[in-house]
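See structure below.
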Amino acid sequence: MTKTLAILTMMIVGSVAFAHSKINATVPAHEAVLAAAPETIEFGFAKKIRLIKVDLAFSDQPKVPLDLGDQTSFATTFNLPLVPLGSGTYVIGWRGLSIDGHVMTGEFMFVVE
């Protein structure tokens, strides 16, 4: 009985973990050093998610929300406008829902010299 319960638990945990998407790539790349700030940022995920919030923290300034526009459906790629703020450290924080409804969060950063 204990062995069966252990196998069932592993199957359930494995299927939940499998349903969550991992971020594949960002543009600019995480920890990139750029000569100029980009006009857009891009997220690429392994599986479809729905972004629900994206924030920009710039140097010592308070976080500001980025406009998600009409990107409210499940997708693997998102492209968002970014207002260049000059030289400094840009930290992009995101929050989304996986296809199974679990909340996912993450962040990436880049530096503009």
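Just remember, in the structure tokens the first chain shown is A, the second B, etc., residues are 1-based per chain, and ligands are 1-based in the order shown.
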Just the residues within 10 Å of A:Asn79, please, counting only C-alpha atoms, with nothing from its chain fewer than 4 positions along; format it as a list in words.
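With the cut-off at 10 Å, the set is Thr26, Val27, Thr40, Ile41, Glu42, Phe43, Gly44, Leu68, Gly69 and Gln71 of chain A.
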Output file for the selection above: N, CA and C atoms, as a compact mmCIF listing (two decimals), in the first residue's frame:
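So again17.txt came out as:
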```
# COMPACT_ATOMS: atom_id res chain seq x y z
N THR A 26 14.64 35.93 -23.02
CA THR A 26 14.16 37.30 -22.94
C THR A 26 15.00 38.13 -23.90
N VAL A 27 14.39 39.19 -24.39
CA VAL A 27 15.12 40.16 -25.22
C VAL A 27 14.85 41.53 -24.61
N THR A 40 11.39 47.90 -26.88
CA THR A 40 10.49 46.80 -26.51
C THR A 40 11.27 45.74 -25.74
N ILE A 41 10.53 44.94 -24.99
CA ILE A 41 11.11 43.75 -24.36
C ILE A 41 10.28 42.55 -24.82
N GLU A 42 10.89 41.38 -24.79
CA GLU A 42 10.21 40.17 -25.24
C GLU A 42 10.45 39.03 -24.26
N PHE A 43 9.39 38.26 -24.03
CA PHE A 43 9.45 37.06 -23.19
C PHE A 43 9.16 35.86 -24.08
N GLY A 44 9.87 34.79 -23.90
CA GLY A 44 9.59 33.54 -24.60
C GLY A 44 9.48 32.40 -23.61
N LEU A 68 0.32 45.91 -20.82
CA LEU A 68 0.18 44.61 -21.49
C LEU A 68 -0.60 44.73 -22.79
N GLY A 69 -1.25 45.87 -23.01
CA GLY A 69 -2.01 46.06 -24.24
C GLY A 69 -3.08 45.00 -24.41
N GLN A 71 -2.50 41.87 -25.06
CA GLN A 71 -1.89 40.56 -24.86
C GLN A 71 -2.44 39.91 -23.59
```
Picked from stretch 13-78 of chain A by DSSP as helix (DSSP H, G or I), as a VMD selection string:
chain A and resid 13 to 19
Those same residues - N, CA and C atoms - I'd like them written as an mmCIF file, in the first residue's frame.
```
data_model
loop_
_atom_site.group_PDB
_atom_site.id
_atom_site.type_symbol
_atom_site.label_atom_id
_atom_site.label_comp_id
_atom_site.auth_asym_id
_atom_site.auth_seq_id
_atom_site.Cartn_x
_atom_site.Cartn_y
_atom_site.Cartn_z
ATOM 1 N N VAL A 13 2.597 14.869 -8.496
ATOM 2 C CA VAL A 13 3.572 15.963 -8.411
ATOM 3 C C VAL A 13 4.245 16.169 -9.758
ATOM 4 N N GLY A 14 4.602 15.110 -10.426
ATOM 5 C CA GLY A 14 5.240 15.212 -11.739
ATOM 6 C C GLY A 14 4.341 15.853 -12.769
ATOM 7 N N SER A 15 3.055 15.536 -12.758
ATOM 8 C CA SER A 15 2.149 16.112 -13.754
ATOM 9 C C SER A 15 1.910 17.586 -13.490
ATOM 10 N N VAL A 16 1.863 18.005 -12.220
ATOM 11 C CA VAL A 16 1.693 19.419 -11.898
ATOM 12 C C VAL A 16 2.931 20.199 -12.323
ATOM 13 N N ALA A 17 4.114 19.694 -12.012
ATOM 14 C CA ALA A 17 5.348 20.375 -12.395
ATOM 15 C C ALA A 17 5.480 20.449 -13.906
ATOM 16 N N PHE A 18 5.060 19.425 -14.615
ATOM 17 C CA PHE A 18 5.156 19.388 -16.061
ATOM 18 C C PHE A 18 4.267 20.442 -16.713
ATOM 19 N N ALA A 19 3.164 20.788 -16.051
ATOM 20 C CA ALA A 19 2.217 21.745 -16.621
ATOM 21 C C ALA A 19 2.727 23.179 -16.559
#
```
Check the smallest atom-to-atom distance from each of A:Gly86, A:Gly96, A:Pro65, A:Pro81 to A:Ile52 using only C-alpha atoms, then report the winner.
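Smallest separation from A:Ile52 among the options: A:Gly96.
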Ranking A:His30, A:Lys63, A:Lys22, A:Arg95 by minimum distance to A:Lys47 and counting only C-alpha atoms, which one comes first?
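For A:Lys47, the nearest of the candidates is A:Lys22.
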Might you pull out every residue within 12 Å of A:Leu85, with only C-alpha atoms counted and same-chain residues fewer than 6 positions away left off, and present them as number ranges by chain?
A: 36-39, 56-59, 61, 64, 111-113
Give the strand (DSSP E) residues of chain A, as assigned by DSSP on the backbone, as an MDAnalysis selection string.
chainID A and resid 23:27 32:34 40:58 64:65 75:81 88:98 103:112
Out of A:Thr89, A:Ala29, A:Ile49, A:Ile23, which residue has the shortest atom-to-atom distance to A:Gly101 when counting only C-alpha atoms?
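Ranking A:Thr89, A:Ala29, A:Ile49, A:Ile23 by distance to A:Gly101, first place goes to A:Ile49.
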Go ahead and compute the interatomic distance for atom CA of A:Ala32 and atom CA of A:Phe74, in Å to one decimal.
27.1 Å
Which is closest to A:Phe108 among A:Ala25, A:Leu66, A:Ala35, A:Ala75, if we use only C-alpha atoms?
A:Ala25
Record the distance separating atom CA of A:Thr72 and atom CA of A:Val54, expressed in Å with one decimal.
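Taking atom CA of A:Thr72 and atom CA of A:Val54, their separation equals 12.1 Å.
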Near A:Leu97, within 8 Å and counting only C-alpha atoms, which residues show up once chain neighbours fewer than 5 positions away are dropped, as a VMD selection string?
chain A and resid 49 to 52 102 to 104
Using only C-alpha atoms, can you tell me which of A:Met109, A:Ala46, A:Val91, A:Ile99 comes closest to A:Pro62?
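Once distances to A:Pro62 are computed over only C-alpha atoms, the minimum belongs to A:Val91.
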